[in-house]
Amino acid sequence: MSRSPAETVSDIAQSTPPGTITLVTGGLALLVVLSGRPWRIARNLITLVHEAGHALAAVLVGRRLQGIKLHSDTSGVTVSRGKPEGPGMAFTALAGYPAAAVLGLVFAGLLSSDLITVVLIVMALMLLGVLVMVRNTYGVFAVVSSSVVLGLVALAAPSWFQAIFVYLLTWFLLFGGVRPVFELQIKRRRGAARDSDADQLGRLTGMPAVLWVLVMAVLTVSCLFAGGLWLLEPTVA
């Protein structure tokens with residue numbers, strides 16, 4: 001009895017060692033992050049998580065969240081009301097750039113415990129939270145598009161495909177969380193990001209903005225290192 005191409009692909013994927021899936025998805029994610037146009041498209045997800053990080057931090061410190069905007073140039077803004085200075089405002093400003101890498105670290109921890117479904121649920125909850133607060137047309141489009149892809153994977157894809165998708169997503173968040181920090185410093189050196197999160201932190205704390213860029217770099221690289229160790233554990237076990 002002949003087998004369909006889909007059944008053959010499924011059998012190959014299910015028989016592939018977890019370590020191989022980890023390495024292949026990690027390599028693909030790194031290629032996207034280091035690329036040109038693919039990165040500019042995929043960076044929309046990093047921006048979405050970045051703004052979600054600001055929003056969550058604002059809520060945690062008691063600020064009143066007003067809304068989120070996501071733009072086609074992969075920029076975004078989160079507006080909240082509250083005390084314009086102090087630790088709460090500084091924490092809110094700091095939370096954006098490390099958010100993607102921190103979420104990737106959380107997902108890596110869940111994957112180390114084989115909790116693939118939990119990763120999909122957490123991602124769905126985040127998208128729902130952003131959708132409720134998004135305040136522009138492109139932002140709605142970006143969130144709904146991401147939600148459709150996630151829904152198709154969660155509800156219609158076989159378990160082996162879900163595993164590949166979640167590993168690829170996790171690696172992308174880890175790698176993709178690092179690149180924007182270095183892009184930020186390049187823009188700052190050119191004088192093109194004078195109202196960046198780092199510059200806002202500099203004004204709020206009196207510390208040089210470049211030191212806040214360094215803090216963000218340390219946070220994101222640390223998350224990449226720790227998350228990578230979790231993800232690569234099957235390859236060295």
# chains A, B, ... in the order shown; residues from 1 in each chain; ligands from 1
call {"tool": "select_by_dssp", "arguments": {"residues": "stretch 29-183 of chain A", "states": "strand (DSSP E)", "output": "number ranges by chain"}}
result
A: 64-70, 76-81
call {"tool": "write_last_selection", "arguments": {"atoms": "all heavy atoms", "output": "tab-separated table (two decimals), in the first residue's frame"}}
result
chain	number	residue	atom	x	y	z
A	64	ARG	N	-1.89	53.31	34.40
A	64	ARG	CA	-3.12	53.09	33.65
A	64	ARG	C	-2.77	52.96	32.17
A	64	ARG	O	-2.33	53.92	31.54
A	64	ARG	CB	-4.10	54.24	33.86
A	64	ARG	CG	-5.44	54.04	33.15
A	64	ARG	CD	-6.37	55.21	33.41
A	64	ARG	NE	-6.62	55.41	34.83
A	64	ARG	CZ	-7.31	56.43	35.32
A	64	ARG	NH1	-7.79	57.36	34.49
A	64	ARG	NH2	-7.50	56.54	36.62
A	65	LEU	N	-2.97	51.78	31.63
A	65	LEU	CA	-2.62	51.52	30.24
A	65	LEU	C	-3.65	52.15	29.31
A	65	LEU	O	-4.85	51.89	29.42
A	65	LEU	CB	-2.54	50.01	30.00
A	65	LEU	CG	-1.99	49.53	28.66
A	65	LEU	CD1	-0.58	50.03	28.45
A	65	LEU	CD2	-2.03	48.01	28.59
A	66	GLN	N	-3.17	52.98	28.37
A	66	GLN	CA	-4.05	53.70	27.45
A	66	GLN	C	-4.19	53.00	26.10
A	66	GLN	O	-5.26	53.01	25.50
A	66	GLN	CB	-3.53	55.12	27.23
A	66	GLN	CG	-3.47	55.95	28.50
A	66	GLN	CD	-4.86	56.26	29.04
A	66	GLN	OE1	-5.67	56.91	28.38
A	66	GLN	NE2	-5.14	55.81	30.25
A	67	GLY	N	-3.12	52.44	25.61
A	67	GLY	CA	-3.20	51.78	24.32
A	67	GLY	C	-1.84	51.45	23.74
A	67	GLY	O	-0.80	51.91	24.24
A	68	ILE	N	-1.85	50.64	22.68
A	68	ILE	CA	-0.64	50.20	21.98
A	68	ILE	C	-0.82	50.46	20.49
A	68	ILE	O	-1.89	50.24	19.94
A	68	ILE	CB	-0.38	48.69	22.21
A	68	ILE	CG1	-0.13	48.40	23.70
A	68	ILE	CG2	0.78	48.20	21.36
A	68	ILE	CD1	-0.09	46.92	24.03
A	69	LYS	N	0.24	50.95	19.85
A	69	LYS	CA	0.23	51.12	18.41
A	69	LYS	C	1.43	50.39	17.81
A	69	LYS	O	2.55	50.49	18.32
A	69	LYS	CB	0.26	52.60	18.02
A	69	LYS	CG	-1.02	53.35	18.34
A	69	LYS	CD	-0.97	54.78	17.83
A	69	LYS	CE	-2.27	55.52	18.12
A	69	LYS	NZ	-2.25	56.92	17.61
A	70	LEU	N	1.19	49.64	16.75
A	70	LEU	CA	2.24	48.96	16.00
A	70	LEU	C	2.24	49.51	14.58
A	70	LEU	O	1.18	49.65	13.97
A	70	LEU	CB	1.97	47.45	15.97
A	70	LEU	CG	1.79	46.76	17.33
A	70	LEU	CD1	1.31	45.33	17.15
A	70	LEU	CD2	3.07	46.80	18.13
A	76	GLY	N	6.86	50.95	17.28
A	76	GLY	CA	5.64	50.85	18.06
A	76	GLY	C	5.68	51.79	19.23
A	76	GLY	O	6.73	52.37	19.55
A	77	VAL	N	4.55	51.97	19.87
A	77	VAL	CA	4.49	52.83	21.05
A	77	VAL	C	3.40	52.31	21.98
A	77	VAL	O	2.36	51.84	21.54
A	77	VAL	CB	4.21	54.30	20.64
A	77	VAL	CG1	2.85	54.42	19.94
A	77	VAL	CG2	4.26	55.21	21.85
A	78	THR	N	3.70	52.37	23.26
A	78	THR	CA	2.73	52.01	24.29
A	78	THR	C	2.53	53.23	25.18
A	78	THR	O	3.49	53.79	25.69
A	78	THR	CB	3.24	50.82	25.14
A	78	THR	OG1	3.39	49.68	24.30
A	78	THR	CG2	2.25	50.49	26.25
A	79	VAL	N	1.28	53.62	25.35
A	79	VAL	CA	0.96	54.81	26.12
A	79	VAL	C	0.28	54.39	27.43
A	79	VAL	O	-0.67	53.61	27.43
A	79	VAL	CB	0.02	55.74	25.34
A	79	VAL	CG1	-0.33	56.97	26.17
A	79	VAL	CG2	0.65	56.15	24.02
A	80	SER	N	0.82	54.92	28.54
A	80	SER	CA	0.21	54.66	29.84
A	80	SER	C	0.23	55.95	30.65
A	80	SER	O	1.04	56.85	30.38
A	80	SER	CB	0.97	53.56	30.60
A	80	SER	OG	2.32	53.94	30.84
A	81	ARG	N	-0.63	56.04	31.62
A	81	ARG	CA	-0.71	57.23	32.46
A	81	ARG	C	-0.36	56.88	33.89
A	81	ARG	O	-0.67	55.80	34.38
A	81	ARG	CB	-2.11	57.83	32.41
A	81	ARG	CG	-2.44	58.52	31.10
A	81	ARG	CD	-3.75	59.28	31.19
A	81	ARG	NE	-4.03	60.01	29.97
A	81	ARG	CZ	-5.08	60.78	29.79
A	81	ARG	NH1	-5.97	60.93	30.77
A	81	ARG	NH2	-5.27	61.41	28.64
call {"tool": "select_by_dssp", "arguments": {"residues": "stretch 40-106 of chain A", "states": "alpha helix (DSSP H)", "output": "PyMOL selection string"}}
result
chain A and resi 40-60+87-94+96-106
call {"tool": "write_last_selection", "arguments": {"atoms": "C-alpha atoms", "output": "compact mmCIF listing (two decimals), in the first residue's frame"}}
result
# COMPACT_ATOMS: atom_id res chain seq x y z
CA ARG A 40 12.36 43.24 8.51
CA ILE A 41 9.17 41.19 8.13
CA ALA A 42 9.71 38.90 11.11
CA ARG A 43 10.75 41.84 13.30
CA ASN A 44 7.06 42.76 13.56
CA LEU A 45 6.72 39.94 16.08
CA ILE A 46 9.63 41.29 18.13
CA THR A 47 8.00 44.73 18.13
CA LEU A 48 4.71 43.19 19.23
CA VAL A 49 6.41 41.48 22.17
CA HIS A 50 8.42 44.64 22.91
CA GLU A 51 5.24 46.70 23.30
CA ALA A 52 3.57 43.91 25.27
CA GLY A 53 6.53 44.10 27.65
CA HIS A 54 5.98 47.82 28.17
CA ALA A 55 2.26 47.23 28.68
CA LEU A 56 2.70 44.44 31.21
CA ALA A 57 5.29 46.43 33.16
CA ALA A 58 2.97 49.45 33.23
CA VAL A 59 0.13 47.36 34.63
CA LEU A 60 2.39 45.69 37.22
CA PRO A 87 11.00 53.48 39.74
CA GLY A 88 7.66 52.51 38.19
CA MET A 89 8.18 54.66 35.13
CA ALA A 90 11.79 53.49 34.80
CA PHE A 91 10.73 49.84 34.99
CA THR A 92 8.09 50.45 32.33
CA ALA A 93 10.65 52.08 30.03
CA LEU A 94 13.17 49.29 30.59
CA GLY A 96 10.46 46.73 26.20
CA TYR A 97 13.80 45.69 24.73
CA PRO A 98 14.43 42.65 26.97
CA ALA A 99 10.82 41.41 26.60
CA ALA A 100 11.35 39.16 23.56
CA ALA A 101 14.45 37.49 25.00
CA VAL A 102 12.77 37.04 28.40
CA LEU A 103 9.72 35.46 26.74
CA GLY A 104 12.05 33.23 24.74
CA LEU A 105 13.74 32.18 27.98
CA VAL A 106 10.35 31.35 29.53
call {"tool": "residues_around", "arguments": {"residues": "A:Thr22", "least_positions_apart": "2", "cutoff": "7 Å", "atoms": "only C-alpha atoms", "output": "ChimeraX atom specification"}}
result
/A:18-20,24-26,167,231-232
call {"tool": "residues_around", "arguments": {"residues": "A:Gly86", "least_positions_apart": "6", "cutoff": "12 Å", "atoms": "only C-alpha atoms", "output": "JSON, numbers by chain"}}
result
{"A": [61, 63, 92, 93, 200, 201, 203, 204, 205, 206]}
call {"tool": "write_last_selection", "arguments": {"atoms": "N, CA and C atoms", "output": "PDB file, in the first residue's frame"}}
result
ATOM      1  N   VAL A  61       3.152  47.949  37.713  1.00  0.00           N
ATOM      2  CA  VAL A  61       3.546  49.038  38.631  1.00  0.00           C
ATOM      3  C   VAL A  61       2.388  49.987  38.916  1.00  0.00           C
ATOM      4  N   ARG A  63       0.353  51.627  36.686  1.00  0.00           N
ATOM      5  CA  ARG A  63       0.040  52.684  35.741  1.00  0.00           C
ATOM      6  C   ARG A  63      -1.233  52.325  34.970  1.00  0.00           C
ATOM      7  N   THR A  92       8.909  50.515  33.541  1.00  0.00           N
ATOM      8  CA  THR A  92       8.094  50.452  32.330  1.00  0.00           C
ATOM      9  C   THR A  92       8.929  50.733  31.088  1.00  0.00           C
ATOM     10  N   ALA A  93       9.800  51.735  31.161  1.00  0.00           N
ATOM     11  CA  ALA A  93      10.652  52.078  30.025  1.00  0.00           C
ATOM     12  C   ALA A  93      11.668  50.985  29.724  1.00  0.00           C
ATOM     13  N   GLN A 200      15.178  57.758  27.443  1.00  0.00           N
ATOM     14  CA  GLN A 200      14.175  58.055  28.468  1.00  0.00           C
ATOM     15  C   GLN A 200      14.665  57.603  29.838  1.00  0.00           C
ATOM     16  N   LEU A 201      15.277  56.419  29.877  1.00  0.00           N
ATOM     17  CA  LEU A 201      15.824  55.920  31.143  1.00  0.00           C
ATOM     18  C   LEU A 201      16.944  56.824  31.646  1.00  0.00           C
ATOM     19  N   ARG A 203      17.192  60.050  31.197  1.00  0.00           N
ATOM     20  CA  ARG A 203      16.583  61.242  31.787  1.00  0.00           C
ATOM     21  C   ARG A 203      15.896  60.935  33.113  1.00  0.00           C
ATOM     22  N   LEU A 204      15.331  59.741  33.236  1.00  0.00           N
ATOM     23  CA  LEU A 204      14.624  59.373  34.458  1.00  0.00           C
ATOM     24  C   LEU A 204      15.569  59.085  35.617  1.00  0.00           C
ATOM     25  N   THR A 205      16.736  58.544  35.307  1.00  0.00           N
ATOM     26  CA  THR A 205      17.633  58.074  36.365  1.00  0.00           C
ATOM     27  C   THR A 205      18.898  58.906  36.524  1.00  0.00           C
ATOM     28  N   GLY A 206      19.233  59.705  35.524  1.00  0.00           N
ATOM     29  CA  GLY A 206      20.478  60.456  35.593  1.00  0.00           C
ATOM     30  C   GLY A 206      21.683  59.662  35.147  1.00  0.00           C
TER      31      GLY A 206
END
call {"tool": "atom_distance", "arguments": {"atom1": "atom CA of A:Arg194", "atom2": "atom CA of A:Leu211"}}
result
14.7 Å
call {"tool": "closest_residue", "arguments": {"among": "A:Ala156, A:Ile164, A:Met133, A:Ala29", "to": "A:Gly177", "atoms": "only C-alpha atoms"}}
result
A:Ala29
call {"tool": "atom_distance", "arguments": {"atom1": "atom CA of A:Lys83", "atom2": "atom CA of A:Gly202"}}
result
16.7 Å
